[in-house]
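With TSV, C-alpha atoms and all ligand atoms inside, this is work_7.tsv:
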chain	number	residue	atom	x	y	z
L	209	MET	CA	167.65	-30.96	59.65
L	210	SER	CA	169.68	-34.16	59.67
L	211	GLU	CA	170.26	-35.87	56.34
L	212	PHE	CA	168.99	-38.99	58.03
L	213	SER	CA	165.63	-37.32	58.57
L	214	SER	CA	165.30	-37.21	54.80
L	215	ILE	CA	165.35	-41.02	54.69
L	216	GLY	CA	162.71	-41.30	57.38
L	217	VAL	CA	164.85	-41.60	60.51
L	218	GLU	CA	163.00	-40.03	63.44
L	219	SER	CA	164.69	-36.92	64.78
L	220	ALA	CA	165.21	-38.61	68.16
L	221	ALA	CA	167.26	-41.32	66.44
L	222	ALA	CA	168.94	-39.12	63.83
L	223	HIS	CA	171.73	-38.03	66.17
L	224	ARG	CA	172.61	-41.68	66.78
L	225	PHE	CA	172.81	-42.23	63.03
L	226	GLU	CA	174.93	-39.08	62.62
L	227	ALA	CA	177.31	-40.22	65.35
L	228	MET	CA	177.70	-43.63	63.73
L	229	ARG	CA	178.31	-42.11	60.31
L	230	GLU	CA	180.90	-39.76	61.79
L	231	LYS	CA	182.64	-42.70	63.45
L	232	LEU	CA	182.62	-44.56	60.15
L	233	ALA	CA	184.05	-41.52	58.39
L	234	ASP	CA	186.80	-41.29	61.03
L	235	PHE	CA	187.85	-44.88	60.37
L	236	LEU	CA	187.77	-44.21	56.63
L	237	ARG	CA	190.00	-41.14	57.04
L	238	GLU	CA	192.56	-43.53	58.54
L	239	ARG	CA	192.07	-46.33	56.04
L	240	ARG	CA	190.96	-44.27	53.01
L	241	ASN	CA	189.10	-47.14	51.30
L	242	LEU	CA	187.19	-50.09	52.66
L	243	THR	CA	185.23	-52.77	50.85
L	244	PHE	CA	182.53	-54.65	52.69
L	245	MET	CA	180.15	-57.26	51.38
L	246	GLU	CA	176.57	-57.47	52.56
L	247	VAL	CA	176.08	-61.18	52.17
L	248	CYS	CA	172.30	-61.27	52.18
L	249	GLY	CA	170.02	-60.05	49.42
L	250	THR	CA	167.60	-58.73	52.01
L	251	HIS	CA	170.39	-56.46	53.29
L	252	THR	CA	171.04	-55.26	49.73
L	253	VAL	CA	167.40	-54.30	49.32
L	254	ALA	CA	167.21	-52.74	52.82
L	255	ILE	CA	170.30	-50.61	52.17
L	256	PHE	CA	168.85	-49.32	48.90
L	257	ARG	CA	165.25	-48.98	50.08
L	258	SER	CA	166.13	-47.07	53.26
L	259	GLY	CA	168.34	-44.62	51.36
L	260	LEU	CA	171.27	-45.56	53.59
L	261	ARG	CA	173.52	-46.29	50.64
L	262	SER	CA	173.44	-42.67	49.49
L	263	LEU	CA	174.46	-41.41	52.95
L	264	LEU	CA	177.51	-43.58	53.52
L	265	PRO	CA	180.89	-41.82	53.71
L	266	GLU	CA	183.12	-41.60	50.67
L	267	GLY	CA	185.62	-44.43	50.32
L	268	LEU	CA	183.25	-47.10	51.59
L	269	ARG	CA	182.40	-49.62	48.89
L	270	LEU	CA	179.55	-52.05	49.44
L	271	LEU	CA	179.32	-55.23	47.41
L	272	SER	CA	176.41	-57.62	47.33
L	273	GLY	CA	177.08	-61.23	48.15
L	274	PRO	CA	175.76	-64.72	47.46
L	275	GLY	CA	172.93	-64.53	49.99
L	276	CYS	CA	169.95	-64.58	47.65
L	277	PRO	CA	168.76	-68.19	47.59
L	278	VAL	CA	167.15	-68.02	44.17
L	279	CYS	CA	170.16	-66.26	42.63
L	280	VAL	CA	172.68	-68.90	43.67
L	281	THR	CA	170.60	-71.77	42.30
L	282	ASP	CA	172.55	-73.09	39.36
L	283	GLN	CA	170.95	-72.99	35.95
L	284	GLY	CA	171.44	-76.75	35.62
L	285	GLU	CA	169.41	-77.17	38.82
L	286	ILE	CA	166.62	-75.04	37.36
L	287	ASP	CA	166.71	-77.17	34.22
L	288	ILE	CA	166.13	-80.29	36.34
L	289	ALA	CA	163.07	-78.59	37.87
L	290	LEU	CA	161.82	-77.69	34.38
L	291	ASN	CA	162.26	-81.29	33.23
L	292	LEU	CA	160.25	-82.54	36.22
L	293	ALA	CA	157.48	-80.03	35.45
L	294	LYS	CA	157.30	-81.38	31.88
L	295	LYS	CA	156.56	-84.88	33.24
L	296	ASP	CA	153.15	-83.86	34.57
L	297	TYR	CA	154.36	-84.03	38.17
L	298	VAL	CA	152.96	-81.44	40.57
L	299	ILE	CA	155.82	-79.02	41.20
L	300	LEU	CA	155.68	-76.92	44.36
L	301	THR	CA	157.92	-73.88	44.60
L	302	TYR	CA	158.47	-70.64	46.42
L	303	GLY	CA	157.26	-67.75	44.25
L	304	ASP	CA	160.64	-66.23	43.41
L	305	MET	CA	161.67	-69.34	41.48
L	306	LEU	CA	158.78	-69.07	39.03
L	307	ARG	CA	160.26	-66.53	36.63
L	308	VAL	CA	163.91	-67.57	36.76
L	309	PRO	CA	164.89	-68.58	33.24
L	310	GLY	CA	166.43	-71.98	32.62
L	311	SER	CA	167.70	-73.23	29.26
L	312	SER	CA	164.17	-73.76	27.94
L	313	GLY	CA	162.02	-71.11	29.58
L	314	SER	CA	160.80	-70.78	33.14
L	315	LEU	CA	158.42	-72.61	35.45
L	316	LEU	CA	155.94	-69.79	34.90
L	317	GLU	CA	156.00	-70.34	31.14
L	318	LEU	CA	155.47	-74.06	31.63
L	319	LYS	CA	152.60	-73.32	34.01
L	320	GLY	CA	151.07	-71.15	31.28
L	321	GLN	CA	151.35	-74.15	28.94
L	322	GLY	CA	149.47	-76.36	31.40
L	323	ALA	CA	152.23	-77.74	33.64
L	324	ARG	CA	151.14	-78.37	37.22
L	325	VAL	CA	153.33	-75.78	38.93
L	326	GLU	CA	152.03	-74.33	42.19
L	327	VAL	CA	153.41	-71.66	44.51
L	328	VAL	CA	153.63	-72.44	48.22
L	329	VAL	CA	154.64	-70.09	51.02
L	330	SER	CA	155.81	-72.89	53.28
L	331	ALA	CA	157.31	-76.31	52.65
L	332	ILE	CA	154.81	-77.91	55.01
L	333	GLN	CA	151.98	-77.15	52.54
L	334	SER	CA	153.49	-79.95	50.45
L	335	ILE	CA	152.02	-82.52	52.85
L	336	GLU	CA	148.48	-81.29	52.37
L	337	ILE	CA	148.89	-81.08	48.59
L	338	ALA	CA	150.42	-84.56	48.35
L	339	LEU	CA	147.56	-85.98	50.42
L	340	ALA	CA	145.04	-84.25	48.17
L	341	HIS	CA	146.63	-85.72	44.99
L	342	PRO	CA	147.42	-89.34	45.82
L	343	GLU	CA	147.44	-90.24	42.12
L	344	SER	CA	150.21	-87.72	41.32
L	345	GLU	CA	153.90	-87.38	42.06
L	346	VAL	CA	154.38	-84.15	44.02
L	347	VAL	CA	157.87	-82.59	44.05
L	348	PHE	CA	158.81	-79.71	46.34
L	349	LEU	CA	161.74	-77.54	45.23
L	350	GLY	CA	163.84	-77.14	48.39
L	351	VAL	CA	165.62	-73.86	47.78
L	352	GLY	CA	167.32	-71.56	50.25
L	353	PHE	CA	169.81	-71.51	53.08
L	354	GLU	CA	169.78	-72.45	56.75
L	355	THR	CA	166.65	-70.37	57.18
L	356	THR	CA	164.43	-72.45	54.89
L	357	ALA	CA	166.14	-75.84	55.14
L	358	PRO	CA	164.61	-76.61	58.59
L	359	ALA	CA	161.11	-76.25	57.12
L	360	THR	CA	162.03	-78.77	54.43
L	361	ALA	CA	163.42	-81.08	57.12
L	362	VAL	CA	160.18	-80.82	59.14
L	363	THR	CA	158.19	-81.59	56.00
L	364	LEU	CA	160.17	-84.75	55.24
L	365	ASN	CA	159.90	-85.79	58.86
L	366	GLN	CA	156.11	-85.40	58.72
L	367	ALA	CA	155.88	-87.08	55.33
L	368	ARG	CA	157.58	-90.12	56.83
L	369	GLN	CA	155.25	-90.12	59.83
L	370	VAL	CA	152.17	-89.85	57.61
L	371	GLY	CA	153.54	-92.54	55.30
L	372	LEU	CA	153.36	-90.49	52.11
L	373	THR	CA	154.66	-92.25	49.02
L	374	ASN	CA	153.98	-89.57	46.39
L	375	LEU	CA	155.99	-86.64	47.86
L	376	SER	CA	159.66	-85.92	47.28
L	377	VAL	CA	161.99	-82.94	47.51
L	378	LEU	CA	164.45	-81.73	44.92
L	379	CYS	CA	166.97	-80.64	47.52
L	380	LEU	CA	168.83	-77.55	46.29
L	381	HIS	CA	169.49	-76.07	49.74
L	382	LYS	CA	172.85	-74.43	50.32
L	383	THR	CA	174.81	-73.25	53.35
L	384	VAL	CA	176.31	-69.78	53.57
L	385	PRO	CA	179.60	-70.25	55.51
L	386	SER	CA	181.28	-72.43	52.87
L	387	ALA	CA	180.64	-69.84	50.15
L	388	LEU	CA	182.03	-67.08	52.36
L	389	ARG	CA	185.16	-69.12	52.97
L	390	VAL	CA	185.74	-69.19	49.20
L	391	LEU	CA	185.17	-65.44	48.83
L	392	ALA	CA	187.16	-64.45	51.92
L	393	SER	CA	190.10	-66.60	50.82
L	394	ASN	CA	190.30	-65.02	47.36
L	395	PRO	CA	192.94	-62.24	47.57
L	396	ALA	CA	191.83	-60.83	44.22
L	397	LEU	CA	188.47	-59.82	45.66
L	398	LYS	CA	189.99	-57.60	48.38
L	399	ILE	CA	186.94	-57.82	50.64
L	400	ASP	CA	187.74	-56.30	54.04
L	401	GLY	CA	184.69	-57.53	55.88
L	402	PHE	CA	181.27	-59.11	55.75
L	403	ILE	CA	177.85	-58.13	57.06
L	404	LEU	CA	176.36	-61.50	57.90
L	405	PRO	CA	172.66	-62.23	57.58
L	406	GLY	CA	171.22	-62.08	61.09
L	407	ASN	CA	168.39	-64.48	60.31
L	408	VAL	CA	170.79	-67.16	59.07
L	409	THR	CA	173.07	-66.81	62.09
L	410	VAL	CA	170.08	-67.30	64.40
L	411	VAL	CA	169.58	-70.77	62.94
L	412	ALA	CA	173.15	-71.81	62.17
L	413	GLY	CA	174.84	-69.92	64.98
L	414	MET	CA	177.54	-67.26	65.06
L	415	ASP	CA	180.20	-69.87	65.73
L	416	ASP	CA	179.91	-71.19	62.17
L	417	TYR	CA	181.31	-67.85	60.96
L	418	ALA	CA	184.11	-67.47	63.50
L	419	PHE	CA	186.63	-68.72	60.92
L	420	LEU	CA	186.29	-65.36	59.17
L	421	THR	CA	187.61	-63.33	62.09
L	422	GLU	CA	189.77	-65.97	63.77
L	423	ALA	CA	191.44	-67.79	60.88
L	424	LEU	CA	191.14	-65.49	57.87
L	425	GLY	CA	191.61	-62.10	59.52
L	426	LYS	CA	188.44	-60.63	58.02
L	427	ALA	CA	186.05	-58.31	59.76
L	428	ALA	CA	182.58	-59.77	60.28
L	429	ALA	CA	179.39	-58.73	62.03
L	430	ALA	CA	175.86	-60.08	61.92
L	431	ALA	CA	173.10	-57.53	61.48
L	432	GLY	CA	169.35	-57.32	61.37
L	433	PHE	CA	167.62	-55.54	58.50
L	434	GLU	CA	166.92	-52.16	60.15
L	435	PRO	CA	169.11	-49.29	58.87
L	436	GLU	CA	170.41	-48.63	62.39
L	437	GLU	CA	171.47	-52.26	62.78
L	438	ILE	CA	173.22	-52.21	59.40
L	439	LEU	CA	174.98	-48.92	60.14
L	440	ALA	CA	176.14	-50.20	63.54
L	441	ALA	CA	177.55	-53.32	61.87
L	442	LEU	CA	179.39	-51.18	59.29
L	443	VAL	CA	180.99	-49.12	62.07
L	444	ASP	CA	182.09	-52.30	63.80
L	445	LEU	CA	183.56	-53.70	60.58
L	446	ALA	CA	185.52	-50.48	60.03
L	447	ARG	CA	186.73	-50.57	63.64
L	448	GLN	CA	187.87	-54.19	63.28
L	449	VAL	CA	189.88	-53.47	60.12
L	450	THR	CA	191.36	-50.25	61.49
L	451	THR	CA	192.37	-51.64	64.89
L	452	GLY	CA	193.30	-55.12	63.67
L	453	HIS	CA	191.17	-56.68	66.41
L	454	PHE	CA	188.78	-59.01	64.64
L	455	ARG	CA	185.85	-60.24	66.66
L	456	LEU	CA	182.45	-61.34	65.49
L	457	ASN	CA	179.59	-59.34	67.02
L	458	ALA	CA	175.88	-59.18	66.31
L	459	TYR	CA	173.75	-56.07	65.74
L	460	ARG	CA	170.20	-57.29	66.01
L	461	LYS	CA	167.37	-56.36	68.31
L	462	GLN	CA	166.71	-60.07	68.85
L	463	GLU	CA	169.15	-62.34	70.60
L	464	THR	CA	171.70	-64.03	68.31
L	465	PRO	CA	172.92	-67.22	70.00
L	466	ARG	CA	176.51	-68.28	69.34
L	467	GLY	CA	175.48	-71.88	68.80
L	468	GLY	CA	172.33	-71.19	66.77
L	469	ASN	CA	168.97	-72.82	67.27
L	470	PRO	CA	169.59	-76.30	68.75
L	471	VAL	CA	166.20	-77.65	67.67
L	472	ALA	CA	166.68	-76.55	64.06
L	473	ARG	CA	170.26	-77.81	63.98
L	474	LYS	CA	169.26	-81.21	65.34
L	475	LEU	CA	166.49	-81.50	62.77
L	476	LEU	CA	168.84	-80.54	59.96
L	477	SER	CA	171.38	-83.15	61.01
L	478	GLU	CA	168.68	-85.84	61.26
L	479	VAL	CA	167.35	-85.27	57.76
L	480	PHE	CA	170.35	-83.97	55.79
L	481	ASP	CA	174.02	-84.70	55.30
L	482	PRO	CA	176.42	-82.04	54.05
L	483	CYS	CA	177.36	-82.38	50.39
L	484	ASP	CA	179.16	-80.50	47.65
L	485	SER	CA	176.90	-78.07	45.85
L	486	ARG	CA	177.08	-76.11	42.61
L	487	TRP	CA	176.51	-72.36	42.97
L	488	ARG	CA	175.50	-70.30	39.98
L	489	GLY	CA	178.63	-68.98	38.33
L	490	MET	CA	180.76	-69.97	41.31
L	491	GLY	CA	181.19	-73.65	40.55
L	492	VAL	CA	181.07	-76.53	42.98
L	493	ILE	CA	181.81	-75.51	46.56
L	494	PRO	CA	182.78	-78.43	48.81
L	495	GLY	CA	180.42	-79.12	51.71
L	496	SER	CA	178.14	-76.20	50.84
L	497	GLY	CA	174.89	-78.08	50.32
L	498	TYR	CA	172.43	-80.39	52.01
L	499	ARG	CA	171.73	-83.88	50.71
L	500	VAL	CA	168.74	-85.90	51.96
L	501	ARG	CA	170.04	-88.65	54.25
L	502	LYS	CA	169.63	-92.28	53.22
L	503	GLU	CA	167.00	-92.83	55.94
L	504	TYR	CA	164.81	-90.40	53.96
L	505	ALA	CA	165.93	-91.54	50.50
L	506	ARG	CA	162.41	-92.31	49.32
L	507	PHE	CA	161.63	-88.59	49.67
L	508	ASP	CA	164.68	-87.54	47.67
L	509	ALA	CA	163.64	-86.65	44.12
L	510	THR	CA	167.20	-87.20	42.93
L	511	GLU	CA	167.10	-90.82	44.11
L	512	LYS	CA	163.46	-91.44	43.28
L	513	PHE	CA	163.67	-90.27	39.66
L	514	GLY	CA	167.35	-91.05	39.00
L	515	LEU	CA	168.27	-87.41	38.43
L	516	SER	CA	171.83	-86.26	37.89
L	517	PRO	CA	173.40	-82.80	37.60
L	518	VAL	CA	172.93	-81.07	34.27
L	519	SER	CA	175.74	-78.93	32.90
L	520	VAL	CA	174.46	-76.09	30.73
L	521	PRO	CA	176.29	-73.42	28.72
L	522	ASN	CA	176.26	-69.91	30.11
L	523	ASN	CA	173.60	-67.71	28.51
L	524	GLY	CA	175.66	-64.54	28.86
L	525	CYS	CA	174.36	-63.82	32.34
L	526	ARG	CA	177.08	-62.74	34.76
L	527	CYS	CA	175.16	-63.37	37.97
L	528	GLY	CA	177.97	-65.55	39.31
L	529	GLU	CA	180.38	-62.62	39.14
L	530	VAL	CA	177.80	-60.27	40.66
L	531	LEU	CA	177.21	-62.72	43.52
L	532	SER	CA	180.95	-63.01	44.10
L	533	GLY	CA	181.48	-59.27	44.25
L	534	VAL	CA	183.59	-59.29	41.08
L	535	LEU	CA	181.10	-57.10	39.20
L	536	THR	CA	178.45	-54.59	40.12
L	537	PRO	CA	175.22	-55.08	38.11
L	538	PRO	CA	175.73	-52.14	35.71
L	539	GLU	CA	179.04	-53.71	34.69
L	540	CYS	CA	177.13	-56.62	33.15
L	541	GLU	CA	176.66	-55.77	29.47
L	542	LEU	CA	173.08	-57.06	29.55
L	543	TYR	CA	172.02	-54.91	32.52
L	544	GLY	CA	169.16	-52.57	31.67
L	545	THR	CA	169.19	-53.56	27.99
L	546	ALA	CA	168.55	-57.23	27.29
L	547	CYS	CA	168.09	-57.86	31.00
L	548	THR	CA	165.42	-55.91	32.87
L	549	PRO	CA	162.85	-56.92	35.50
L	550	LEU	CA	160.36	-57.46	32.65
L	551	THR	CA	162.84	-59.39	30.51
L	552	PRO	CA	165.15	-61.05	33.04
L	553	VAL	CA	168.09	-63.04	31.72
L	554	GLY	CA	169.37	-64.13	35.12
L	555	PRO	CA	167.97	-64.75	38.60
L	556	CYS	CA	169.64	-61.68	40.08
L	557	MET	CA	167.17	-59.58	38.05
L	558	VAL	CA	164.17	-61.77	38.95
L	559	SER	CA	164.35	-62.40	42.66
L	560	SER	CA	162.89	-59.90	45.12
L	561	GLU	CA	166.27	-60.13	46.90
L	562	GLY	CA	168.35	-60.11	43.71
L	563	THR	CA	171.15	-57.58	43.41
L	564	CYS	CA	170.51	-56.65	39.79
L	565	GLY	CA	166.81	-56.18	40.48
L	566	ALA	CA	167.60	-53.98	43.51
L	567	TRP	CA	170.00	-51.83	41.48
L	568	HIS	CA	167.42	-51.50	38.74
L	569	ARG	CA	164.60	-50.57	41.12
L	570	PHE	CA	166.43	-48.17	43.42
L	571	ASN	CA	169.52	-46.88	41.63
L	572	ARG	CA	168.11	-45.36	38.45
S	1	LIG	S1	172.06	-57.88	34.67
S	1	LIG	FE1	170.89	-59.75	34.21
S	1	LIG	S2	172.27	-60.99	32.99
S	1	LIG	FE2	173.52	-59.45	34.00
S	1	LIG	S3	174.22	-60.39	35.89
S	1	LIG	FE3	172.32	-59.31	36.37
S	1	LIG	S4	170.72	-60.83	36.13
S	1	LIG	FE4	172.54	-61.68	35.14

Target format structure tokens, applied to this file:
Amino acid sequence: MSEFSSIGVESAAAHRFEAMREKLADFLRERRNLTFMEVCGTHTVAIFRSGLRSLLPEGLRLLSGPGCPVCVTDQGEIDIALNLAKKDYVILTYGDMLRVPGSSGSLLELKGQGARVEVVVSAIQSIEIALAHPESEVVFLGVGFETTAPATAVTLNQARQVGLTNLSVLCLHKTVPSALRVLASNPALKIDGFILPGNVTVVAGMDDYAFLTEALGKAAAAAGFEPEEILAALVDLARQVTTGHFRLNAYRKQETPRGGNPVARKLLSEVFDPCDSRWRGMGVIPGSGYRVRKEYARFDATEKFGLSPVSVPNNGCRCGEVLSGVLTPPECELYGTACTPLTPVGPCMVSSEGTCGAWHRFNR
């Protein structure tokens, strides 16, 4: 019986998995050690959950990257959200943000104390909620990458059409390529290649990542979240490093257009301008965020309420180093002791896509 059968791979597919693993092992025999980063938190969880991690050949090191939207949100940004919640505004957020601790508790704790914090599954729900509460200021926390930013853009577009005056967005959206440029350019990290999030590349386009293979000489491949897609991407990364021919390919069942989704890109450029953004533990990365354009300024919570960045002291959490691939979660001294899924100190332990949470759930 194939080892892959033990992780639920059908016998008809197991020989394909075996062949890919053998190919990977061949490349590793030539190179001895390779370090790849799976950029997206969903990949991290898929690799653990499927059991794939335990079946990878020796010498292959996988690091988790900065692709969990909640995890990269800076603590100062969370503190701004907490301050807004204390003003009796209606705060709308995706669920993963609820339990992330800021300097003075979490949104969930404030909700328990009576703050008007509500979970939404889509940004567009903000319209309905703002219409239902005309007497209240409603603030949507715009968190996430190129995958969620278009929904925020649509919402602001609709809010303008409807003529809403009580809805705004605290725009914390970030873009993945700029962060990868920082990581790929850091020789100390010794990352040989990147598994790119397939869902992000569908929106933003493969071309936005071509600098990795063309300018920086790093291996890169986009992958879906199925184990076979991830394994195929790993083989390609190993091939690129071993042969020295770097070319960005995609391993997804769905089509992955080079130029991304033109409708989403147009919408993003109509509503947002690029701006510098602070990533948790990684500092300010130039051009890595979205700022609401001046045409939509009345929907920008930063403008509307005169908010400015808050700098807060580190609480001992080393999420920034985990997200940069400098540390694995167990190397954080708080992991599994002061910081557990029930007592999270940092977002990487809270988020469903967080690296520390995934290690804690699947690697014990
Ligand atoms: S174990 Fe907790 S404190 Fe340490 S890096 Fe992870 S989330 Fe942050």

Residue contacts of Ala441 of chain L (7 Å, only C-alpha atoms) excluding same-chain residues fewer than 4 positions away, as a PyMOL selection string: chain L and resi 403+429-431+437+445+459

Under the rule of at most 7 Å, produce a per-residue listing of chain L near ligand LIG 1 (chain S): chain, number, name, the closest pair of atoms, and the distance in Å, as a tab-separated table, using all atoms listed in the file.
residue	atom	partner	partner_atom	distance
L:Gly524	CA	S:LIG1	S2	6.4
L:Cys525	CA	S:LIG1	S2	3.6
L:Arg526	CA	S:LIG1	S3	3.9
L:Cys527	CA	S:LIG1	S3	3.8
L:Val530	CA	S:LIG1	S3	6.0
L:Pro537	CA	S:LIG1	FE3	5.4
L:Pro538	CA	S:LIG1	S1	6.9
L:Cys540	CA	S:LIG1	FE2	4.7
L:Glu541	CA	S:LIG1	FE2	6.6
L:Leu542	CA	S:LIG1	FE2	5.1
L:Tyr543	CA	S:LIG1	S1	3.7
L:Gly544	CA	S:LIG1	S1	6.8
L:Cys547	CA	S:LIG1	FE1	4.7
L:Thr548	CA	S:LIG1	FE1	6.8
L:Pro552	CA	S:LIG1	FE1	6.0
L:Val553	CA	S:LIG1	S2	4.8
L:Gly554	CA	S:LIG1	S4	3.7
L:Pro555	CA	S:LIG1	S4	5.4
L:Cys556	CA	S:LIG1	S4	4.2
L:Met557	CA	S:LIG1	S4	4.2
L:Cys564	CA	S:LIG1	FE3	4.7

Counting all atoms listed in the file, write as an MDAnalysis selection string all protein and nucleic acid residues lying at most 10 Å from (174.2, -72.1, 61.3) in the file's frame. chainID L and resid 353:355 383:385 407:417 466:470 472:473

Please provide as a VMD selection string all residues within 8 Å of Phe256 of chain L, with the sequence filter that same-chain residues fewer than 6 positions apart are discarded (counting only C-alpha atoms). chain L and resid 566 to 567 570 to 571

Work out how far atom CA of Ala340 of chain L is from atom CA of Tyr504 of chain L, in Å to one decimal. 21.5 Å

What is the atom CA of Ser386 of chain L-atom CA of Lys398 of chain L distance in Å, reported with one decimal?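 Straight-line distance from atom CA of Ser386 of chain L to atom CA of Lys398 of chain L works out to 17.8 Å.
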
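Checking L:Ala396, L:Ala222, L:Ala427, L:Val479 one by one against Arg368 of chain L, counting all atoms listed in the file, you find the shortest gap at L:Val479.
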
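Ranking L:Gln333, L:Gly320, L:Gly350, L:Met245 by their shortest atom-to-atom distance to Thr510 of chain L, with all atoms listed in the file included, puts L:Gly350 first.
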
Please determine, counting only C-alpha atoms, which residue among L:Val278, L:Val329, L:Ile288, L:Ala338 has the shortest atom-to-atom distance to Val370 of chain L. L:Ala338

Find the residue from L:Arg447, L:Arg389, L:Lys231, L:Arg569 that sits nearest to Leu420 of chain L; use only C-alpha atoms when measuring.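 Looking at the shortest contact to Leu420 of chain L, the residue is L:Arg389.
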
Option closest in space to Leu339 of chain L, from L:Arg324, L:Ile286, L:Met228, L:Leu372 [counting only C-alpha atoms]: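 Of L:Arg324, L:Ile286, L:Met228, L:Leu372, the one nearest Leu339 of chain L is L:Leu372, counting only C-alpha atoms.
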